[in-house]
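K.L.:
Handing over model.txt, compact mmCIF, C-alpha atoms.
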```txt
# COMPACT_ATOMS: atom_id res chain seq x y z
CA MET Z 297 23.55 138.08 -12.02
CA ARG Z 298 21.24 135.31 -13.24
CA THR Z 299 19.05 133.52 -10.70
CA GLY Z 300 20.85 130.23 -11.33
CA SER Z 301 24.24 131.84 -10.69
CA ARG Z 302 23.04 133.41 -7.47
CA TRP Z 303 21.78 130.02 -6.19
CA GLY Z 304 25.11 128.45 -7.17
CA VAL Z 305 27.10 131.01 -5.19
CA LEU Z 306 24.77 130.59 -2.22
CA LEU Z 307 25.12 126.81 -2.35
CA VAL Z 308 28.91 127.02 -2.40
CA ALA Z 309 28.84 129.43 0.54
CA LEU Z 310 26.56 127.15 2.53
CA ILE Z 311 28.81 124.16 1.89
CA ALA Z 312 31.86 126.12 2.95
CA PHE Z 313 30.11 127.37 6.08
CA ALA Z 314 29.00 123.86 6.99
CA ALA Z 315 32.50 122.50 6.49
CA GLY Z 316 33.93 125.13 8.80
CA ALA Z 317 31.15 125.00 11.39
CA ALA Z 318 30.92 121.23 11.75
CA PRO Z 319 34.16 120.78 13.72
CA ALA Z 320 33.21 123.62 16.06
CA ALA Z 321 29.77 122.14 16.60
CA SER Z 322 31.33 118.73 17.21
CA ALA Z 323 33.72 120.21 19.76
CA ARG Z 324 30.83 121.91 21.56
CA ALA Z 325 28.90 118.64 21.61
CA GLU Z 326 31.89 116.89 23.17
CA THR Z 327 32.44 119.46 25.89
CA ASP Z 328 28.85 120.51 26.41
CA GLY Z 329 26.81 117.34 26.08
CA ALA Z 330 24.32 118.64 28.64
CA HIS Z 331 22.57 120.46 25.81
CA ALA Z 332 21.44 117.16 24.31
CA ASP Z 333 17.69 117.18 23.72
CA ARG Z 334 17.00 113.61 24.81
CA VAL Z 335 14.79 113.12 27.85
CA PRO Z 336 16.69 110.93 30.34
CA ARG Z 337 15.12 107.47 30.66
CA THR Z 338 15.46 107.56 34.42
CA THR Z 339 14.01 105.00 36.82
CA VAL Z 340 13.22 106.97 39.98
CA LEU Z 341 13.80 110.54 38.87
CA ASP Z 342 11.29 112.03 36.42
CA GLY Z 343 13.26 112.49 33.21
CA THR Z 344 10.81 114.98 31.68
CA ARG Z 345 10.92 117.07 34.84
CA LEU Z 346 14.73 117.02 34.80
CA GLN Z 347 14.75 118.26 31.23
CA ARG Z 348 12.37 121.12 32.06
CA THR Z 349 14.55 122.01 35.04
CA LYS Z 350 17.61 122.16 32.81
CA VAL Z 351 15.83 124.52 30.41
CA ARG Z 352 14.87 126.78 33.32
CA LEU Z 353 18.47 126.74 34.50
CA GLU Z 354 19.73 127.70 31.04
CA HIS Z 355 17.35 130.67 31.17
CA GLY Z 356 18.94 131.85 34.40
CA ASP Z 357 16.56 130.72 37.15
CA PRO Z 358 18.30 132.12 40.28
CA GLN Z 359 17.03 129.44 42.67
CA LEU Z 360 18.29 126.68 40.40
CA ARG Z 361 21.64 128.39 39.97
CA ARG Z 362 22.11 128.36 43.74
CA ALA Z 363 21.22 124.67 43.84
CA VAL Z 364 23.71 123.93 41.06
CA GLY Z 365 26.35 125.70 43.12
CA ALA Z 366 25.71 123.25 45.96
CA LEU Z 367 25.73 120.35 43.52
CA ARG Z 368 29.06 121.49 42.08
CA THR Z 369 30.55 121.54 45.56
CA ARG Z 370 29.49 117.94 46.06
CA ALA Z 371 30.71 116.85 42.64
CA ASP Z 372 34.03 118.70 42.82
CA ARG Z 373 35.10 116.79 45.90
CA TRP Z 374 35.07 113.56 43.88
CA LEU Z 375 37.20 114.78 40.98
CA ASP Z 376 40.59 114.16 42.61
CA GLU Z 377 39.61 110.84 44.20
CA GLU Z 378 40.94 107.62 42.75
CA PRO Z 379 38.08 105.38 41.66
CA TRP Z 380 37.19 102.66 44.12
CA THR Z 381 37.29 98.96 43.36
CA VAL Z 382 36.01 95.81 44.95
CA VAL Z 383 39.43 94.16 44.63
CA ASP Z 384 41.19 96.58 47.00
CA LYS Z 385 40.04 95.04 50.28
CA PRO Z 386 42.86 93.51 52.35
CA ARG Z 387 41.26 90.05 52.45
CA PRO Z 388 38.96 88.45 49.89
CA ALA Z 389 35.43 87.28 50.58
CA PRO Z 390 35.10 83.80 52.12
CA GLY Z 391 34.92 82.14 48.71
CA GLY Z 392 38.36 83.49 47.85
CA ASP Z 393 37.32 85.63 44.85
CA VAL Z 394 38.43 89.24 45.29
CA HIS Z 395 35.77 90.29 42.76
CA ASP Z 396 33.00 89.28 45.18
CA TYR Z 397 31.56 92.14 47.20
CA LEU Z 398 32.22 91.82 50.93
CA SER Z 399 30.70 93.65 53.87
CA GLN Z 400 30.65 92.73 57.52
CA ALA Z 401 28.17 92.67 60.38
CA PRO Z 402 29.00 95.85 62.29
CA TYR Z 403 28.65 94.67 65.90
CA TRP Z 404 30.64 91.43 65.77
CA TRP Z 405 34.26 91.38 67.01
CA PRO Z 406 37.22 88.97 66.88
CA THR Z 407 38.34 87.27 70.06
CA LYS Z 408 41.90 86.46 68.95
CA ALA Z 409 44.75 88.22 67.21
CA PRO Z 410 44.89 87.41 63.48
CA THR Z 411 47.45 84.79 62.34
CA PRO Z 412 48.26 83.26 58.94
CA ASP Z 413 46.12 80.26 59.88
CA ASN Z 414 43.37 82.38 61.40
CA PRO Z 415 43.46 85.66 59.44
CA TRP Z 416 40.19 86.98 60.88
CA GLY Z 417 40.93 86.22 64.54
CA CYS Z 418 37.95 83.92 64.97
CA PRO Z 419 35.73 83.18 66.73
CA TYR Z 420 33.68 86.37 66.58
CA VAL Z 421 31.34 87.51 69.34
CA GLN Z 422 28.62 90.13 69.33
CA ARG Z 423 29.12 93.41 71.21
CA ASP Z 424 25.82 95.13 70.57
CA GLY Z 425 26.07 98.80 69.73
CA GLU Z 426 29.88 98.77 69.46
CA ARG Z 427 30.94 99.20 65.84
CA ASN Z 428 33.90 97.09 64.73
CA PRO Z 429 36.25 99.33 62.67
CA GLU Z 430 36.96 96.38 60.37
CA VAL Z 431 33.55 97.07 58.86
CA ASP Z 432 34.95 100.26 57.35
CA SER Z 433 38.59 99.39 56.76
CA GLY Z 434 38.52 95.70 55.92
CA THR Z 435 35.57 95.35 53.57
CA ASP Z 436 33.96 97.02 50.55
CA ARG Z 437 31.13 98.79 52.39
CA GLN Z 438 32.50 102.32 52.49
CA ASP Z 439 33.96 102.10 48.99
CA VAL Z 440 30.67 101.05 47.44
CA GLU Z 441 28.88 103.93 49.15
CA LYS Z 442 31.44 106.36 47.72
CA THR Z 443 31.03 104.76 44.29
CA PHE Z 444 27.26 105.20 44.37
CA ASP Z 445 27.33 108.74 45.77
CA SER Z 446 30.02 109.99 43.42
CA ALA Z 447 28.41 108.49 40.30
CA TYR Z 448 25.14 110.21 41.18
CA ASP Z 449 26.63 113.60 42.05
CA LEU Z 450 28.95 113.66 39.04
CA SER Z 451 26.30 112.58 36.54
CA LEU Z 452 23.86 115.19 37.82
CA ALA Z 453 26.58 117.84 37.71
CA TRP Z 454 27.40 116.98 34.10
CA TYR Z 455 23.74 116.95 33.11
CA TYR Z 456 23.09 120.43 34.47
CA THR Z 457 26.40 122.13 33.66
CA GLY Z 458 27.59 120.32 30.54
CA GLU Z 459 31.13 120.25 31.91
CA LYS Z 460 32.98 117.30 30.43
CA ARG Z 461 35.13 116.66 33.50
CA TYR Z 462 32.12 115.53 35.51
CA ALA Z 463 31.00 113.00 32.90
CA VAL Z 464 34.51 111.66 32.40
CA LYS Z 465 34.97 111.11 36.12
CA ALA Z 466 31.56 109.47 36.48
CA GLY Z 467 32.43 107.08 33.66
CA GLN Z 468 35.76 106.24 35.25
CA VAL Z 469 34.10 105.50 38.59
CA LEU Z 470 31.46 103.24 37.04
CA ARG Z 471 33.82 101.37 34.71
CA THR Z 472 36.26 100.67 37.54
CA TRP Z 473 33.67 99.23 39.92
CA PHE Z 474 31.43 97.41 37.47
CA LEU Z 475 33.10 96.80 34.10
CA ASP Z 476 36.91 96.65 33.90
CA PRO Z 477 37.92 92.97 34.00
CA SER Z 478 40.72 93.52 36.51
CA THR Z 479 38.62 95.54 39.00
CA ARG Z 480 34.95 94.70 38.36
CA MET Z 481 32.51 93.42 40.96
CA ASN Z 482 30.73 90.13 40.37
CA PRO Z 483 26.96 90.79 40.12
CA ASN Z 484 25.93 89.17 43.39
CA LEU Z 485 25.80 89.90 47.12
CA ASN Z 486 26.65 86.43 48.37
CA HIS Z 487 29.02 87.79 51.00
CA ALA Z 488 27.25 90.92 52.22
CA GLN Z 489 27.19 91.49 56.00
CA PHE Z 490 29.03 88.26 56.71
CA ILE Z 491 30.21 87.24 60.17
CA PRO Z 492 33.71 85.70 60.02
CA CYS Z 493 33.78 81.98 60.77
CA LYS Z 494 30.01 82.02 61.35
CA TYR Z 495 28.13 83.11 58.21
CA ASP Z 496 29.74 83.60 54.78
CA GLY Z 497 27.01 86.09 53.96
CA ARG Z 498 23.50 87.03 54.99
CA ALA Z 499 20.35 87.97 53.11
CA ILE Z 500 20.01 91.19 55.11
CA GLY Z 501 23.24 92.37 53.47
CA ILE Z 502 21.27 93.10 50.30
CA ILE Z 503 20.32 96.39 51.92
CA ASP Z 504 23.90 97.56 51.30
CA PHE Z 505 22.74 97.98 47.69
CA SER Z 506 18.97 98.22 47.92
CA GLN Z 507 19.05 101.43 49.95
CA SER Z 508 20.81 103.45 47.24
CA TYR Z 509 21.53 101.54 44.00
CA THR Z 510 18.58 103.13 42.20
CA SER Z 511 20.66 106.34 42.25
CA VAL Z 512 23.22 104.53 40.10
CA LEU Z 513 20.48 103.49 37.68
CA ASP Z 514 19.46 107.14 37.33
CA ALA Z 515 23.09 108.22 36.95
CA LEU Z 516 23.45 105.78 34.06
CA ALA Z 517 20.30 107.17 32.43
CA LEU Z 518 21.71 110.70 32.65
CA LEU Z 519 25.01 109.68 31.09
CA GLU Z 520 23.18 107.91 28.30
CA THR Z 521 21.74 111.22 27.05
CA GLY Z 522 25.10 111.93 25.41
CA ALA Z 523 27.81 112.18 28.05
CA PRO Z 524 31.32 112.48 26.59
CA GLY Z 525 33.37 109.34 27.19
CA TRP Z 526 30.40 107.10 28.02
CA THR Z 527 30.36 104.81 25.02
CA ALA Z 528 27.93 102.35 23.48
CA THR Z 529 30.23 99.59 24.73
CA ASP Z 530 29.92 100.95 28.27
CA ARG Z 531 26.12 101.09 27.98
CA THR Z 532 25.87 97.53 26.72
CA ALA Z 533 28.23 96.16 29.38
CA MET Z 534 26.44 98.00 32.18
CA ALA Z 535 23.05 96.75 30.97
CA ARG Z 536 24.46 93.21 30.99
CA TRP Z 537 25.72 93.64 34.57
CA ASN Z 538 22.39 95.02 35.75
CA THR Z 539 20.49 92.17 34.10
CA ALA Z 540 22.69 89.58 35.80
CA PHE Z 541 22.28 91.37 39.14
CA ARG Z 542 18.50 91.55 38.67
CA ASP Z 543 18.36 87.82 37.99
CA TRP Z 544 20.50 87.07 41.05
CA LEU Z 545 18.23 89.22 43.23
CA LYS Z 546 15.12 87.55 41.85
CA ASN Z 547 16.27 83.93 41.94
CA SER Z 548 18.89 83.53 44.69
CA ASP Z 549 18.10 82.20 48.16
CA PHE Z 550 19.24 85.47 49.69
CA GLY Z 551 17.04 87.45 47.32
CA ARG Z 552 14.00 85.36 48.18
CA GLN Z 553 14.70 85.69 51.90
CA GLU Z 554 14.93 89.45 51.67
CA ALA Z 555 11.76 89.58 49.58
CA ALA Z 556 10.00 87.77 52.43
CA ALA Z 557 11.16 90.28 55.06
CA THR Z 558 8.25 92.20 56.57
CA ASN Z 559 10.12 95.33 57.68
CA ASN Z 560 12.16 97.95 55.82
CA HIS Z 561 14.39 95.24 54.35
CA GLY Z 562 11.47 93.88 52.36
CA THR Z 563 10.48 97.32 51.10
CA PHE Z 564 14.03 98.14 50.06
CA HIS Z 565 14.27 94.76 48.32
CA ASP Z 566 11.20 95.68 46.28
CA LEU Z 567 12.68 99.07 45.44
CA LEU Z 568 15.85 97.45 44.13
CA LEU Z 569 14.03 94.74 42.18
CA ALA Z 570 11.55 97.17 40.61
CA GLY Z 571 14.37 99.59 39.78
CA LEU Z 572 16.52 96.93 38.13
CA ALA Z 573 13.52 95.53 36.27
CA HIS Z 574 12.59 98.97 34.92
CA ALA Z 575 16.15 99.84 33.94
CA THR Z 576 16.69 96.53 32.13
CA GLY Z 577 13.43 96.65 30.21
CA ASP Z 578 11.35 94.19 32.22
CA LYS Z 579 8.45 96.58 32.71
CA ALA Z 580 6.06 93.75 33.64
CA LEU Z 581 8.22 92.73 36.61
CA ALA Z 582 8.62 96.35 37.66
CA ARG Z 583 4.87 96.96 37.52
CA ARG Z 584 4.02 93.74 39.37
CA THR Z 585 6.52 94.56 42.12
CA VAL Z 586 5.07 98.04 42.64
CA LEU Z 587 1.49 96.76 42.59
CA ASP Z 588 2.29 94.07 45.16
CA ALA Z 589 3.76 96.71 47.48
CA ARG Z 590 0.28 98.00 48.28
CA ASP Z 591 -0.95 94.97 50.24
CA LYS Z 592 2.50 93.54 50.96
CA ARG Z 593 4.31 96.64 52.28
CA ILE Z 594 2.09 99.66 52.88
CA ALA Z 595 -0.87 97.96 54.57
CA PRO Z 596 1.10 95.85 57.09
CA GLN Z 597 3.90 98.35 57.81
CA ILE Z 598 1.89 101.56 58.31
CA ALA Z 599 -0.70 101.92 61.05
CA ALA Z 600 -4.03 103.70 60.75
CA ASP Z 601 -2.53 106.84 62.35
CA GLY Z 602 0.45 106.83 59.98
CA GLY Z 603 3.00 105.49 62.44
CA GLN Z 604 5.28 102.61 61.52
CA PRO Z 605 5.14 100.28 64.55
CA GLN Z 606 8.17 98.18 63.62
CA GLU Z 607 10.35 101.26 63.23
CA LEU Z 608 8.93 103.17 66.22
CA SER Z 609 10.05 100.39 68.56
CA ARG Z 610 13.71 100.88 67.63
CA THR Z 611 16.29 102.98 69.42
CA ARG Z 612 16.66 104.99 66.19
CA SER Z 613 12.93 105.34 65.56
CA TRP Z 614 13.12 108.70 63.77
CA HIS Z 615 15.91 107.55 61.51
CA TYR Z 616 14.18 104.31 60.59
CA SER Z 617 10.77 105.93 60.11
CA THR Z 618 12.24 108.34 57.55
CA PHE Z 619 14.59 105.69 56.14
CA THR Z 620 11.75 103.28 55.35
CA LEU Z 621 9.75 106.07 53.73
CA VAL Z 622 12.68 106.71 51.40
CA ALA Z 623 12.08 103.21 50.05
CA HIS Z 624 8.30 103.70 49.84
CA THR Z 625 8.50 107.06 48.08
CA ARG Z 626 11.19 105.95 45.62
CA LEU Z 627 9.10 102.86 44.86
CA ALA Z 628 6.14 105.18 44.26
CA ALA Z 629 8.31 107.15 41.84
CA ILE Z 630 9.04 103.97 39.87
CA GLY Z 631 5.30 103.35 39.92
CA ARG Z 632 4.82 106.59 38.02
CA ASN Z 633 6.86 105.09 35.16
CA VAL Z 634 4.84 101.87 35.05
CA GLY Z 635 1.33 103.23 35.52
CA VAL Z 636 0.83 102.60 39.26
CA ASN Z 637 -0.07 105.36 41.73
CA LEU Z 638 1.09 104.14 45.14
CA TRP Z 639 0.23 107.49 46.69
CA ALA Z 640 -3.46 106.86 45.94
CA TYR Z 641 -3.55 103.52 47.75
CA ARG Z 642 -5.57 103.23 50.96
CA GLY Z 643 -5.31 100.13 53.13
CA PRO Z 644 -8.23 98.46 54.91
CA ASP Z 645 -7.70 100.70 57.97
CA GLY Z 646 -6.93 103.80 55.93
CA GLN Z 647 -3.15 103.21 55.79
CA SER Z 648 -1.37 105.30 53.18
CA LEU Z 649 1.95 106.88 52.33
CA PHE Z 650 0.40 110.31 52.88
CA LYS Z 651 -0.55 109.37 56.46
CA ALA Z 652 2.94 108.00 57.12
CA VAL Z 653 4.53 111.27 56.00
CA ASP Z 654 1.99 113.40 57.84
CA HIS Z 655 2.84 111.48 61.02
CA LEU Z 656 6.34 113.00 60.79
CA LEU Z 657 5.31 116.60 60.17
CA PRO Z 658 5.21 117.98 63.74
CA ALA Z 659 8.80 116.87 64.37
CA ALA Z 660 9.97 117.58 60.81
CA THR Z 661 8.85 121.21 61.06
CA GLY Z 662 10.06 121.72 64.63
CA ALA Z 663 6.52 122.22 65.91
CA ALA Z 664 6.80 119.38 68.42
CA ALA Z 665 9.37 117.00 69.84
CA TRP Z 666 9.59 113.50 68.41
CA PRO Z 667 7.84 111.36 71.06
CA HIS Z 668 9.64 108.08 70.41
CA PRO Z 669 13.14 106.71 71.19
CA GLU Z 670 15.91 108.29 69.11
CA LEU Z 671 19.61 108.26 69.95
CA GLU Z 672 20.46 111.17 67.65
CA PHE Z 673 17.51 113.16 66.30
CA ARG Z 674 18.21 114.91 63.00
CA ARG Z 675 15.25 116.93 61.87
CA PHE Z 676 16.48 117.24 58.28
CA ALA Z 677 16.19 113.47 57.80
CA ALA Z 678 12.52 113.89 56.90
CA SER Z 679 12.96 116.77 54.44
CA ASP Z 680 13.01 114.72 51.23
CA VAL Z 681 10.10 112.43 52.06
CA VAL Z 682 7.99 115.47 53.02
CA ARG Z 683 8.83 117.07 49.69
CA ALA Z 684 7.92 113.86 47.90
CA ALA Z 685 4.50 113.85 49.58
CA ALA Z 686 4.02 117.53 48.77
CA ASP Z 687 4.79 116.89 45.10
CA ALA Z 688 2.29 114.02 45.14
CA GLY Z 689 -0.47 116.34 46.33
CA ASP Z 690 -0.40 116.24 50.14
CA ARG Z 691 -1.63 119.68 51.26
CA ARG Z 692 -0.27 119.35 54.80
CA ALA Z 693 3.14 118.44 53.40
CA ARG Z 694 3.03 121.40 51.02
CA ARG Z 695 2.41 123.77 53.92
CA ALA Z 696 5.28 122.15 55.80
CA VAL Z 697 7.89 122.56 53.07
CA PRO Z 698 8.95 126.14 54.00
CA LEU Z 699 9.49 124.98 57.59
CA LEU Z 700 11.79 122.05 56.79
CA GLU Z 701 15.40 121.98 57.90
CA GLU Z 702 17.93 122.14 55.08
CA PRO Z 703 20.17 119.06 54.99
CA PRO Z 704 23.95 119.37 55.23
CA GLY Z 705 25.46 120.37 51.90
CA GLY Z 706 22.39 122.25 50.73
CA ASP Z 707 18.94 121.46 49.42
CA LEU Z 708 19.16 119.70 46.05
CA TRP Z 709 15.49 118.73 45.72
CA ALA Z 710 14.93 121.09 42.77
CA LEU Z 711 17.65 119.28 40.80
CA ARG Z 712 17.01 115.68 41.84
CA PRO Z 713 13.41 115.44 43.12
CA ALA Z 714 13.54 111.98 44.68
CA ALA Z 715 13.94 111.10 48.35
CA GLU Z 716 17.42 110.25 49.59
CA GLN Z 717 18.57 108.95 52.95
CA LEU Z 718 19.81 112.25 54.33
CA ASP Z 719 21.04 111.01 57.73
CA SER Z 720 23.20 108.05 56.76
CA ILE Z 721 24.07 105.65 59.55
CA ALA Z 722 25.56 102.18 59.49
CA GLY Z 723 23.42 99.10 59.31
CA GLY Z 724 19.86 98.55 58.24
```
Translate the structure of the given file into structure tokens.
P.N.:
Amino acid sequence: MRTGSRWGVLLVALIAFAAGAAPAASARAETDGAHADRVPRTTVLDGTRLQRTKVRLEHGDPQLRRAVGALRTRADRWLDEEPWTVVDKPRPAPGGDVHDYLSQAPYWWPTKAPTPDNPWGCPYVQRDGERNPEVDSGTDRQDVEKTFDSAYDLSLAWYYTGEKRYAVKAGQVLRTWFLDPSTRMNPNLNHAQFIPCKYDGRAIGIIDFSQSYTSVLDALALLETGAPGWTATDRTAMARWNTAFRDWLKNSDFGRQEAAATNNHGTFHDLLLAGLAHATGDKALARRTVLDARDKRIAPQIAADGGQPQELSRTRSWHYSTFTLVAHTRLAAIGRNVGVNLWAYRGPDGQSLFKAVDHLLPAATGAAAWPHPELEFRRFAASDVVRAAADAGDRRARRAVPLLEEPPGGDLWALRPAAEQLDSIAGG
């Protein structure tokens, strides 16, 4: 056979093979999008690290396979749930728009039975420490927490397993809460932690979102690596929502009040603002917010010995000490993406994030009792912030890692190395 003939036969064969293989490859891409090569453009999580972790998992790393098993368990529980929506609450927010997010101050109670003319049973009075069940059944608070948690779990599960069902469910959850015209939430928190007939909303209610919304930003970044069912239209609409929410947080009276807070509320505000700024492309705002956190948050909130005086004075001092460090360490993770090393900062009296974490180590490892007030001590609450410090180079934290208590549901640090609030309680 002449050389030209042989090349002609080979070319025909290659064309035929490509024609037959393309649909199969397309089908695999649709059902197994987790094999996309794009590095996730995450905000708190380290996208390059996630990609390396996925490669290790695909090569059979046994530790990671166990962690994925725990992640699957978390994600599977969301698959049969109906997506939550802000319009499902029994009564709208004070402005009358069911699309406005509504949450309620937990320790305020009605004094009268509800009537058509007085649907809330006003006036409300405070009963400190007694949680009004309306907070969970009559507002959006629990539903938004489920929306955030499920979107994060499902997106991570899709990313590491490539199973389409996880991505499809995550997309359904996000579209229902944020995008579909009939069920979407307006991008503001004007009526968060309101007190019926007293305050239509309060600035401190921003913590309903600031304590965990950066997980949604990372979930979106994971889906945007090629998740089946998450379309360009979805991406554009979600970016528009996040931009509007960022601008509300930056410019509203409530946003400015929360920015001025000197306790954990201020730190969580900065986390949310920096996260939204990074995710929406305003890197200058993200960088400025992280830089300002050095003198504005770390220096005044952390003492020379690493204690957090404002949190140690509370009845839930352990919870709030770890809770506030979730904000600090996640903000430090955003700093990594904008060229700021918060872990390296030292205040005028030696204050630092490392010292704040080290202050927790005796109790976190079980070596000593926590010496401050705490209504319900949960040792595992510190596990993620200790791991964050260890990853950042803290030798004491590294030695403590093997002694940490595993949180309920398993240790997922290897799959999502960013601190979470592991001992969720109401309020802020």
K.L.:
What's around Val682 of chain Z at 10 Å? Count only C-alpha atoms, leave out sequence neighbours fewer than 5 positions away in its own chain, and write the answer as an MDAnalysis selection string.
P.N.:
chainID Z and resid 618 621 625 650 652:654 656:657 660:661 677 687:688 690 692:694 696:697 700 715
K.L.:
Identify, on the basis of only C-alpha atoms, every residue whose closest approach to segment 462-470 of chain Z does not exceed 9 Å; exclude the query and any residue fewer than 6 positions from it along the same chain; express the result as an MDAnalysis selection string.
P.N.:
chainID Z and resid 371:372 374:375 378:381 443:444 446:455 512 515:516 519 523:526 530 534
K.L.:
Could you pull the residues within 8 Å of Asp707 of chain Z, counting all atoms listed in the file, minus those fewer than 5 positions along the same chain, as a PyMOL selection string?
P.N.:
chain Z and resi 363+366+702
K.L.:
Can you pull out the residues contacting Asn633 of chain Z? Cut-off 12 Å, using all atoms listed in the file, and skip same-chain residues under 3 positions away; I want them as a list in words.
P.N.:
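Final neighbour list, sorted by chain and number: Arg337, Thr338, Thr339, Val340, Leu341, Asp342, Gly343, Thr344, Ala570, Gly571, Ala573, His574, Ala575, Gly577, Lys579, Ala580, Ala582, Arg583, Val586, Arg626, Leu627, Ala628, Ala629, Ile630, Val636, Asn637 and Leu638 of chain Z.
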K.L.:
Those same residues, written as a short mmCIF file (atom, residue, chain, number, x, y, z; two decimals), in the frame of the given file with C-alpha atoms?
P.N.:
```
data_model
loop_
_atom_site.label_atom_id
_atom_site.label_comp_id
_atom_site.auth_asym_id
_atom_site.auth_seq_id
_atom_site.Cartn_x
_atom_site.Cartn_y
_atom_site.Cartn_z
CA ARG Z 337 15.12 107.47 30.66
CA THR Z 338 15.46 107.56 34.42
CA THR Z 339 14.01 105.00 36.82
CA VAL Z 340 13.22 106.97 39.98
CA LEU Z 341 13.80 110.54 38.87
CA ASP Z 342 11.29 112.03 36.42
CA GLY Z 343 13.26 112.49 33.21
CA THR Z 344 10.81 114.98 31.68
CA ALA Z 570 11.55 97.17 40.61
CA GLY Z 571 14.37 99.59 39.78
CA ALA Z 573 13.52 95.53 36.27
CA HIS Z 574 12.59 98.97 34.92
CA ALA Z 575 16.15 99.84 33.94
CA GLY Z 577 13.43 96.65 30.21
CA LYS Z 579 8.45 96.58 32.71
CA ALA Z 580 6.06 93.75 33.64
CA ALA Z 582 8.62 96.35 37.66
CA ARG Z 583 4.87 96.96 37.52
CA VAL Z 586 5.07 98.04 42.64
CA ARG Z 626 11.19 105.95 45.62
CA LEU Z 627 9.10 102.86 44.86
CA ALA Z 628 6.14 105.18 44.26
CA ALA Z 629 8.31 107.15 41.84
CA ILE Z 630 9.04 103.97 39.87
CA VAL Z 636 0.83 102.60 39.26
CA ASN Z 637 -0.07 105.36 41.73
CA LEU Z 638 1.09 104.14 45.14
#
```
K.L.:
Report, in Å to a single decimal, how far apart atom CA of Arg593 of chain Z and atom CA of Asp549 of chain Z are.
P.N.:
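Atom CA of Asp549 of chain Z sits 20.4 Å away from atom CA of Arg593 of chain Z.
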K.L.:
Between Z:Thr435, Z:Ser506, Z:Ser679, Z:Thr472, single out the one closest to Leu718 of chain Z, counting only C-alpha atoms.
P.N.:
Z:Ser679
K.L.:
When you draw a straight line from atom CA of Tyr616 of chain Z to atom CA of Leu711 of chain Z, how long is it in Å?
P.N.:
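Going from atom CA of Tyr616 of chain Z over to atom CA of Leu711 of chain Z, I get 25.1 Å.
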K.L.:
Hey, what's within 12 Å of Asn560 of chain Z if we count all atoms listed in the file and toss same-chain stuff fewer than 2 positions away? As number ranges by chain, please?
P.N.:
Z: 500, 502-503, 506-507, 554-558, 562-567, 589, 592-594, 596-598, 604-607, 615-624, 723-724
K.L.:
When distances are computed from only C-alpha atoms, which of Z:Arg612, Z:Ala686, Z:Thr349, Z:Arg674 shows the smallest separation from Pro704 of chain Z?
P.N.:
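Under the stated criterion, the closest residue is Z:Arg674.
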K.L.:
Between Z:Asp384, Z:Asp413, Z:Asp680, Z:Asp436, which one has atoms that come closest to Tyr397 of chain Z, using all atoms listed in the file?
P.N.:
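Comparing Z:Asp384, Z:Asp413, Z:Asp680, Z:Asp436 against Tyr397 of chain Z, the winner is Z:Asp436.
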K.L.:
Considering all atoms listed in the file, can you say which of Z:Arg334, Z:Arg437, Z:His487, Z:Pro658 comes closest to Asp393 of chain Z?
P.N.:
Z:His487
K.L.:
Interatomic distance between atom CA of Trp639 of chain Z and atom CA of Ala710 of chain Z?
P.N.:
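We find that atom CA of Trp639 of chain Z and atom CA of Ala710 of chain Z lie 20.4 Å from each other.
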K.L.:
Which of these, Z:Gly705, Z:Arg498, Z:Asn484, Z:Pro406, has the shortest distance to Leu367 of chain Z once you count all atoms listed in the file?
P.N.:
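Of the candidates, the smallest distance to Leu367 of chain Z is held by Z:Gly705.
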K.L.:
Determine the nearest neighbour of Pro429 of chain Z from the options Z:Ala401, Z:Thr529, Z:Ala665, Z:Pro390, counting all atoms listed in the file.
P.N.:
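Comparing Z:Ala401, Z:Thr529, Z:Ala665, Z:Pro390 against Pro429 of chain Z, the winner is Z:Ala401.
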